[in-house]
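Printed here is my_file33.pdb (PDB, C-alpha atoms, pLDDT in the B column):
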ATOM      1  CA  MET A   1    -233.006 -15.230-110.592  1.00 43.00           C
ATOM      2  CA  LYS A   2    -236.246 -13.232-110.377  1.00 45.00           C
ATOM      3  CA  ALA A   3    -236.836 -14.559-106.850  1.00 42.00           C
ATOM      4  CA  PHE A   4    -233.377 -13.369-105.794  1.00 38.00           C
ATOM      5  CA  VAL A   5    -233.992  -9.889-107.185  1.00 37.00           C
ATOM      6  CA  LEU A   6    -237.392  -9.735-105.481  1.00 39.00           C
ATOM      7  CA  VAL A   7    -235.976 -10.826-102.107  1.00 38.00           C
ATOM      8  CA  PHE A   8    -233.062  -8.407-102.465  1.00 38.00           C
ATOM      9  CA  SER A   9    -235.387  -5.475-103.215  1.00 39.00           C
ATOM     10  CA  PHE A  10    -237.507  -6.253-100.116  1.00 40.00           C
ATOM     11  CA  ALA A  11    -234.367  -6.509 -97.993  1.00 41.00           C
ATOM     12  CA  ALA A  12    -233.149  -3.132 -99.250  1.00 43.00           C
ATOM     13  CA  ALA A  13    -236.527  -1.559 -98.466  1.00 45.00           C
ATOM     14  CA  ALA A  14    -236.498  -3.038 -94.955  1.00 44.00           C
ATOM     15  CA  PHE A  15    -233.201  -1.341 -94.140  1.00 46.00           C
ATOM     16  CA  ALA A  16    -234.403   2.105 -95.242  1.00 66.00           C
ATOM     17  CA  GLN A  17    -236.000   2.644 -91.821  1.00 83.00           C
ATOM     18  CA  LYS A  18    -233.976   2.776 -88.637  1.00 91.00           C
ATOM     19  CA  VAL A  19    -235.596   2.508 -85.215  1.00 93.00           C
ATOM     20  CA  THR A  20    -233.707   3.049 -81.969  1.00 92.00           C
ATOM     21  CA  VAL A  21    -235.182   2.772 -78.487  1.00 94.00           C
ATOM     22  CA  GLU A  22    -234.025   4.237 -75.187  1.00 95.00           C
ATOM     23  CA  PHE A  23    -235.663   3.571 -71.830  1.00 94.00           C
ATOM     24  CA  ASP A  24    -235.275   4.117 -68.100  1.00 93.00           C
ATOM     25  CA  GLN A  25    -233.680   0.972 -66.636  1.00 92.00           C
ATOM     26  CA  ALA A  26    -235.273   1.644 -63.247  1.00 91.00           C
ATOM     27  CA  ALA A  27    -238.850   2.005 -64.561  1.00 91.00           C
ATOM     28  CA  ASP A  28    -241.374  -0.757 -63.795  1.00 91.00           C
ATOM     29  CA  PHE A  29    -243.227  -1.082 -67.107  1.00 93.00           C
ATOM     30  CA  SER A  30    -245.682  -3.643 -65.692  1.00 92.00           C
ATOM     31  CA  LYS A  31    -247.427  -0.890 -63.702  1.00 94.00           C
ATOM     32  CA  TYR A  32    -248.387   1.086 -66.821  1.00 95.00           C
ATOM     33  CA  LYS A  33    -251.908   0.155 -67.945  1.00 96.00           C
ATOM     34  CA  THR A  34    -253.316   3.339 -69.520  1.00 96.00           C
ATOM     35  CA  PHE A  35    -252.037   6.049 -71.848  1.00 96.00           C
ATOM     36  CA  ALA A  36    -253.143   9.394 -73.234  1.00 95.00           C
ATOM     37  CA  ILE A  37    -251.835  11.184 -76.303  1.00 95.00           C
ATOM     38  CA  ARG A  38    -251.067  14.646 -74.948  1.00 91.00           C
ATOM     39  CA  ASP A  39    -249.100  16.472 -77.599  1.00 85.00           C
ATOM     40  CA  GLY A  40    -248.042  15.859 -81.163  1.00 90.00           C
ATOM     41  CA  GLN A  41    -245.818  18.274 -83.032  1.00 90.00           C
ATOM     42  CA  LEU A  42    -245.110  18.365 -86.749  1.00 89.00           C
ATOM     43  CA  ASN A  43    -242.116  20.239 -88.103  1.00 87.00           C
ATOM     44  CA  SER A  44    -241.826  20.076 -91.866  1.00 81.00           C
ATOM     45  CA  LYS A  45    -241.660  22.680 -94.590  1.00 79.00           C
ATOM     46  CA  ASN A  46    -243.453  20.270 -96.898  1.00 78.00           C
ATOM     47  CA  PRO A  47    -247.227  20.851 -96.699  1.00 79.00           C
ATOM     48  CA  ALA A  48    -247.924  17.168 -97.370  1.00 78.00           C
ATOM     49  CA  LEU A  49    -246.148  16.276 -94.112  1.00 82.00           C
ATOM     50  CA  ASN A  50    -247.185  19.275 -92.028  1.00 81.00           C
ATOM     51  CA  SER A  51    -250.962  18.897 -91.967  1.00 85.00           C
ATOM     52  CA  GLU A  52    -253.755  18.049 -89.575  1.00 89.00           C
ATOM     53  CA  LEU A  53    -254.355  14.811 -91.527  1.00 90.00           C
ATOM     54  CA  VAL A  54    -250.812  13.613 -90.810  1.00 90.00           C
ATOM     55  CA  ARG A  55    -251.306  14.441 -87.112  1.00 92.00           C
ATOM     56  CA  LYS A  56    -254.560  12.438 -87.040  1.00 93.00           C
ATOM     57  CA  GLN A  57    -252.869   9.530 -88.827  1.00 94.00           C
ATOM     58  CA  ILE A  58    -250.012   9.410 -86.314  1.00 95.00           C
ATOM     59  CA  ASP A  59    -252.464   9.690 -83.380  1.00 95.00           C
ATOM     60  CA  ALA A  60    -254.550   6.795 -84.736  1.00 95.00           C
ATOM     61  CA  ASP A  61    -251.448   4.666 -85.391  1.00 96.00           C
ATOM     62  CA  ILE A  62    -250.099   5.239 -81.882  1.00 96.00           C
ATOM     63  CA  GLN A  63    -253.481   4.472 -80.344  1.00 96.00           C
ATOM     64  CA  ARG A  64    -253.920   1.274 -82.396  1.00 96.00           C
ATOM     65  CA  ASN A  65    -250.420  -0.033 -81.704  1.00 96.00           C
ATOM     66  CA  LEU A  66    -250.323   0.762 -77.972  1.00 96.00           C
ATOM     67  CA  THR A  67    -253.775  -0.787 -77.560  1.00 96.00           C
ATOM     68  CA  ALA A  68    -252.479  -3.912 -79.309  1.00 95.00           C
ATOM     69  CA  ARG A  69    -249.645  -3.998 -76.730  1.00 93.00           C
ATOM     70  CA  GLY A  70    -252.204  -4.203 -73.890  1.00 94.00           C
ATOM     71  CA  LEU A  71    -252.542  -0.562 -72.872  1.00 95.00           C
ATOM     72  CA  THR A  72    -255.871   1.260 -72.658  1.00 95.00           C
ATOM     73  CA  MET A  73    -256.466   4.705 -74.157  1.00 95.00           C
ATOM     74  CA  VAL A  74    -257.766   7.391 -71.796  1.00 94.00           C
ATOM     75  CA  ALA A  75    -259.532  10.209 -73.651  1.00 86.00           C
ATOM     76  CA  SER A  76    -259.360  12.695 -70.773  1.00 85.00           C
ATOM     77  CA  GLY A  77    -258.165  12.730 -67.210  1.00 86.00           C
ATOM     78  CA  PRO A  78    -255.103  11.118 -65.684  1.00 92.00           C
ATOM     79  CA  ALA A  79    -253.255   8.262 -67.374  1.00 94.00           C
ATOM     80  CA  ASP A  80    -250.303   6.080 -66.401  1.00 95.00           C
ATOM     81  CA  LEU A  81    -248.340   7.261 -69.457  1.00 95.00           C
ATOM     82  CA  ASN A  82    -248.453  10.506 -71.409  1.00 95.00           C
ATOM     83  CA  VAL A  83    -247.529  10.117 -75.074  1.00 96.00           C
ATOM     84  CA  ARG A  84    -245.824  12.987 -76.861  1.00 96.00           C
ATOM     85  CA  TYR A  85    -244.387  12.802 -80.337  1.00 95.00           C
ATOM     86  CA  HIS A  86    -242.430  14.979 -82.757  1.00 94.00           C
ATOM     87  CA  PHE A  87    -242.312  14.392 -86.493  1.00 91.00           C
ATOM     88  CA  GLY A  88    -240.049  16.361 -88.780  1.00 85.00           C
ATOM     89  CA  SER A  89    -238.573  16.155 -92.218  1.00 79.00           C
ATOM     90  CA  ALA A  90    -235.650  17.768 -93.955  1.00 76.00           C
ATOM     91  CA  ARG A  91    -234.584  17.981 -97.559  1.00 74.00           C
ATOM     92  CA  LYS A  92    -231.082  16.726 -98.169  1.00 73.00           C
ATOM     93  CA  ALA A  93    -228.876  16.008-101.155  1.00 76.00           C
ATOM     94  CA  GLU A  94    -226.231  13.436-101.865  1.00 78.00           C
ATOM     95  CA  ILE A  95    -223.466  13.708-104.445  1.00 84.00           C
ATOM     96  CA  GLU A  96    -222.903  10.637-106.628  1.00 84.00           C
ATOM     97  CA  ARG A  97    -220.037  10.153-109.045  1.00 80.00           C
ATOM     98  CA  TYR A  98    -220.180   7.973-112.147  1.00 78.00           C
ATOM     99  CA  PRO A  99    -217.577   7.095-114.756  1.00 80.00           C
ATOM    100  CA  ALA A 100    -218.328   9.062-117.903  1.00 80.00           C
ATOM    101  CA  GLY A 101    -216.704  10.145-121.094  1.00 73.00           C
ATOM    102  CA  TRP A 102    -214.685   8.243-123.599  1.00 76.00           C
ATOM    103  CA  ARG A 103    -213.604   4.872-122.133  1.00 72.00           C
ATOM    104  CA  GLY A 104    -214.807   6.025-118.724  1.00 68.00           C
ATOM    105  CA  TRP A 105    -211.859   8.324-118.111  1.00 80.00           C
ATOM    106  CA  GLY A 106    -214.026  11.217-116.993  1.00 81.00           C
ATOM    107  CA  THR A 107    -216.291  11.543-113.991  1.00 83.00           C
ATOM    108  CA  ARG A 108    -219.906  12.688-113.988  1.00 81.00           C
ATOM    109  CA  VAL A 109    -221.092  14.298-110.754  1.00 83.00           C
ATOM    110  CA  VAL A 110    -224.827  14.191-110.025  1.00 84.00           C
ATOM    111  CA  ARG A 111    -226.671  15.858-107.137  1.00 81.00           C
ATOM    112  CA  VAL A 112    -229.461  13.531-105.921  1.00 77.00           C
ATOM    113  CA  PRO A 113    -232.077  15.235-103.696  1.00 72.00           C
ATOM    114  CA  TYR A 114    -234.052  13.274-101.106  1.00 67.00           C
ATOM    115  CA  THR A 115    -236.110  13.790 -97.961  1.00 71.00           C
ATOM    116  CA  GLU A 116    -235.362  12.363 -94.529  1.00 77.00           C
ATOM    117  CA  GLY A 117    -238.195  11.995 -92.007  1.00 84.00           C
ATOM    118  CA  THR A 118    -237.797  11.434 -88.263  1.00 89.00           C
ATOM    119  CA  LEU A 119    -240.497  10.446 -85.790  1.00 92.00           C
ATOM    120  CA  VAL A 120    -239.756  10.605 -82.052  1.00 95.00           C
ATOM    121  CA  ILE A 121    -242.295   9.002 -79.695  1.00 95.00           C
ATOM    122  CA  ASP A 122    -241.893   9.731 -75.968  1.00 96.00           C
ATOM    123  CA  LEU A 123    -243.701   7.952 -73.135  1.00 96.00           C
ATOM    124  CA  ARG A 124    -243.632   9.969 -69.928  1.00 95.00           C
ATOM    125  CA  ASP A 125    -244.650   8.966 -66.412  1.00 94.00           C
ATOM    126  CA  PRO A 126    -246.779  11.867 -65.107  1.00 94.00           C
ATOM    127  CA  SER A 127    -246.342  10.830 -61.460  1.00 90.00           C
ATOM    128  CA  THR A 128    -242.562  11.310 -61.621  1.00 90.00           C
ATOM    129  CA  ARG A 129    -242.606  13.753 -64.566  1.00 90.00           C
ATOM    130  CA  SER A 130    -239.885  11.765 -66.232  1.00 93.00           C
ATOM    131  CA  LEU A 131    -239.261  10.243 -69.618  1.00 95.00           C
ATOM    132  CA  VAL A 132    -239.407   6.437 -69.307  1.00 96.00           C
ATOM    133  CA  TRP A 133    -239.309   5.302 -72.967  1.00 96.00           C
ATOM    134  CA  ARG A 134    -238.336   6.868 -76.290  1.00 96.00           C
ATOM    135  CA  ALA A 135    -238.345   5.530 -79.843  1.00 95.00           C
ATOM    136  CA  ILE A 136    -236.706   7.328 -82.745  1.00 95.00           C
ATOM    137  CA  ALA A 137    -237.697   6.130 -86.229  1.00 93.00           C
ATOM    138  CA  THR A 138    -235.908   7.528 -89.268  1.00 89.00           C
ATOM    139  CA  GLU A 139    -236.873   7.081 -92.899  1.00 86.00           C
ATOM    140  CA  GLU A 140    -234.023   8.004 -95.213  1.00 77.00           C
ATOM    141  CA  LYS A 141    -233.555   8.690 -98.895  1.00 67.00           C
ATOM    142  CA  SER A 142    -237.164   8.993 -99.881  1.00 69.00           C
ATOM    143  CA  ASP A 143    -239.572  11.696-100.968  1.00 70.00           C
ATOM    144  CA  ALA A 144    -242.309  13.370 -98.927  1.00 71.00           C
ATOM    145  CA  VAL A 145    -245.161  11.320-100.397  1.00 73.00           C
ATOM    146  CA  LYS A 146    -243.370   8.033 -99.683  1.00 80.00           C
ATOM    147  CA  ILE A 147    -242.565   9.131 -96.132  1.00 80.00           C
ATOM    148  CA  GLU A 148    -246.225   9.948 -95.523  1.00 81.00           C
ATOM    149  CA  GLY A 149    -247.114   6.447 -96.743  1.00 84.00           C
ATOM    150  CA  LYS A 150    -244.565   4.889 -94.382  1.00 86.00           C
ATOM    151  CA  LEU A 151    -245.700   6.651 -91.194  1.00 89.00           C
ATOM    152  CA  ASP A 152    -247.778   3.583 -90.254  1.00 90.00           C
ATOM    153  CA  ASP A 153    -244.656   1.411 -90.431  1.00 91.00           C
ATOM    154  CA  MET A 154    -242.568   3.935 -88.499  1.00 92.00           C
ATOM    155  CA  VAL A 155    -245.084   3.934 -85.627  1.00 94.00           C
ATOM    156  CA  ARG A 156    -245.602   0.143 -85.731  1.00 95.00           C
ATOM    157  CA  LYS A 157    -241.884  -0.681 -85.738  1.00 94.00           C
ATOM    158  CA  SER A 158    -241.306   1.757 -82.874  1.00 94.00           C
ATOM    159  CA  ILE A 159    -244.085   0.487 -80.628  1.00 94.00           C
ATOM    160  CA  GLU A 160    -243.236  -3.155 -81.349  1.00 94.00           C
ATOM    161  CA  LYS A 161    -240.261  -2.525 -79.068  1.00 92.00           C
ATOM    162  CA  TYR A 162    -242.524  -1.620 -76.112  1.00 92.00           C
ATOM    163  CA  PRO A 163    -242.267  -2.739 -73.328  1.00 89.00           C
ATOM    164  CA  PRO A 164    -238.491  -2.972 -73.461  1.00 87.00           C
ATOM    165  CA  LYS A 165    -236.672  -6.168 -72.664  1.00 81.00           C
ATOM    166  CA  LYS A 166    -234.038  -5.571 -70.040  1.00 67.00           C
TER
END
Is it possible to give me this structure as structure tokens?
Amino acid sequence: MKAFVLVFSFAAAAFAQKVTVEFDQAADFSKYKTFAIRDGQLNSKNPALNSELVRKQIDADIQRNLTARGLTMVASGPADLNVRYHFGSARKAEIERYPAGWRGWGTRVVRVPYTEGTLVIDLRDPSTRSLVWRAIATEEKSDAVKIEGKLDDMVRKSIEKYPPKK
């Protein structure tokens, strides 16, 4: 029974993140060998998620994961792909209703606050000035500290889908 509960809790945690990928069907991804991180934007009212440390963490994660996929980082000068990313978070609330009162005839309404974080990673071809690949990773129903801890996974799961399979 404990094994079932443990497996179920890991499965529930795995579905908390959603990653979608879009790409240009006409792009030849075999020609891309180098990349440069050009611009990273953070948009969060939470200071824990809107800091220079978070920006450095995302930069390092993107560099590590794209390098693992066979691309080479270019510190300055032209690159085959320009990487731009946007990370934002928003506070949301969900209303939950529970049976309450004598014999459960009443209803208790509870407002449950949570934070949703979204990371968008764009790969652009500078020669054509066009977007060739985009990943959108969303972490739902968490708090800001947990989202910051899951940024590594959000980047890894996104870049695992590069290059796209047609």
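Residues matching the PyMOL selection byres ((chain A and resi 87) around 10) in this structure come to Gly40, Gln41, Leu42, Asn43, Ser44, Leu49, Asn50, Val54, Arg55, Ile58, Tyr85, His86, Gly88, Ser89, Gly117, Thr118, Leu119, Val120, Ile121, Ile136, Ala137, Thr138 and Leu151 of chain A.
Counting all atoms listed in the file and comparing A:Thr34, A:Thr107, A:Gln57, A:Asn46, the residue that lies closest to Val74 of chain A is A:Thr34.
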Exercise for the section: Rounded to one decimal place, report the atom CA of Glu139 of chain A-atom CA of Arg156 of chain A distance in Å. Expected result: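 Atom CA of Arg156 of chain A lies 13.3 Å from atom CA of Glu139 of chain A.
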Handout entry: Residue nearest Pro126 of chain A among A:Gln63, A:Asn82, A:Ser30, A:Thr20 (counting all atoms listed in the file)
Key =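 Smallest separation from Pro126 of chain A among the options: A:Asn82.
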Practice task
In the coordinates of the file, take the point (-238.2, -0.7, -66.1) and a cut-off of 12 Å; then, counting all atoms listed in the file, name each qualifying protein, DNA or RNA residue as a list of chain:residue names.
Solution key: A:Glu22, A:Phe23, A:Asp24, A:Gln25, A:Ala26, A:Ala27, A:Asp28, A:Phe29, A:Ser30, A:Lys31, A:Tyr32, A:Asp125, A:Leu131, A:Val132, A:Trp133, A:Tyr162, A:Pro163, A:Pro164, A:Lys165, A:Lys166
Put those residues in a file: C-alpha atoms, as a short mmCIF file (atom, residue, chain, number, x, y, z; two decimals), keeping the file's coordinate frame.
data_model
loop_
_atom_site.label_atom_id
_atom_site.label_comp_id
_atom_site.auth_asym_id
_atom_site.auth_seq_id
_atom_site.Cartn_x
_atom_site.Cartn_y
_atom_site.Cartn_z
CA GLU A 22 -234.02 4.24 -75.19
CA PHE A 23 -235.66 3.57 -71.83
CA ASP A 24 -235.28 4.12 -68.10
CA GLN A 25 -233.68 0.97 -66.64
CA ALA A 26 -235.27 1.64 -63.25
CA ALA A 27 -238.85 2.00 -64.56
CA ASP A 28 -241.37 -0.76 -63.80
CA PHE A 29 -243.23 -1.08 -67.11
CA SER A 30 -245.68 -3.64 -65.69
CA LYS A 31 -247.43 -0.89 -63.70
CA TYR A 32 -248.39 1.09 -66.82
CA ASP A 125 -244.65 8.97 -66.41
CA LEU A 131 -239.26 10.24 -69.62
CA VAL A 132 -239.41 6.44 -69.31
CA TRP A 133 -239.31 5.30 -72.97
CA TYR A 162 -242.52 -1.62 -76.11
CA PRO A 163 -242.27 -2.74 -73.33
CA PRO A 164 -238.49 -2.97 -73.46
CA LYS A 165 -236.67 -6.17 -72.66
CA LYS A 166 -234.04 -5.57 -70.04
#
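Of the listed residues (A:Ile159, A:Leu53, A:Ile62, A:Val112), A:Val112 comes nearest to Lys92 of chain A; the distances count only C-alpha atoms.
Interatomic distance, atom CA of Arg97 of chain A against atom CA of Val109 of chain A: 4.6 Å.
Candidate residues A:Asp61, A:Glu116, A:Asp122, A:Asp143 were compared for distance to Lys18 of chain A, and the nearest is A:Glu116, using all atoms listed in the file.
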Exercise for the section: Grab the atom CA of Arg38 of chain A to atom CA of Ala90 of chain A distance for me, in Å with one decimal place. Expected result: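 Pair atom CA of Arg38 of chain A / atom CA of Ala90 of chain A returns 24.7 Å.
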Practice task
Rank A:Thr115, A:Asp39, A:Trp102, A:Gly70 by their smallest atom-to-atom distance to Ile147 of chain A, using all atoms listed in the file, and report the top residue only.
Solution key: A:Thr115
Handout entry: Result set of the PyMOL selection byres ((chain A and resi 71) around 7) on the coordinates above, as a PyMOL selection string
Key = chain A and resi 33-35+66-67+69-70+72-73
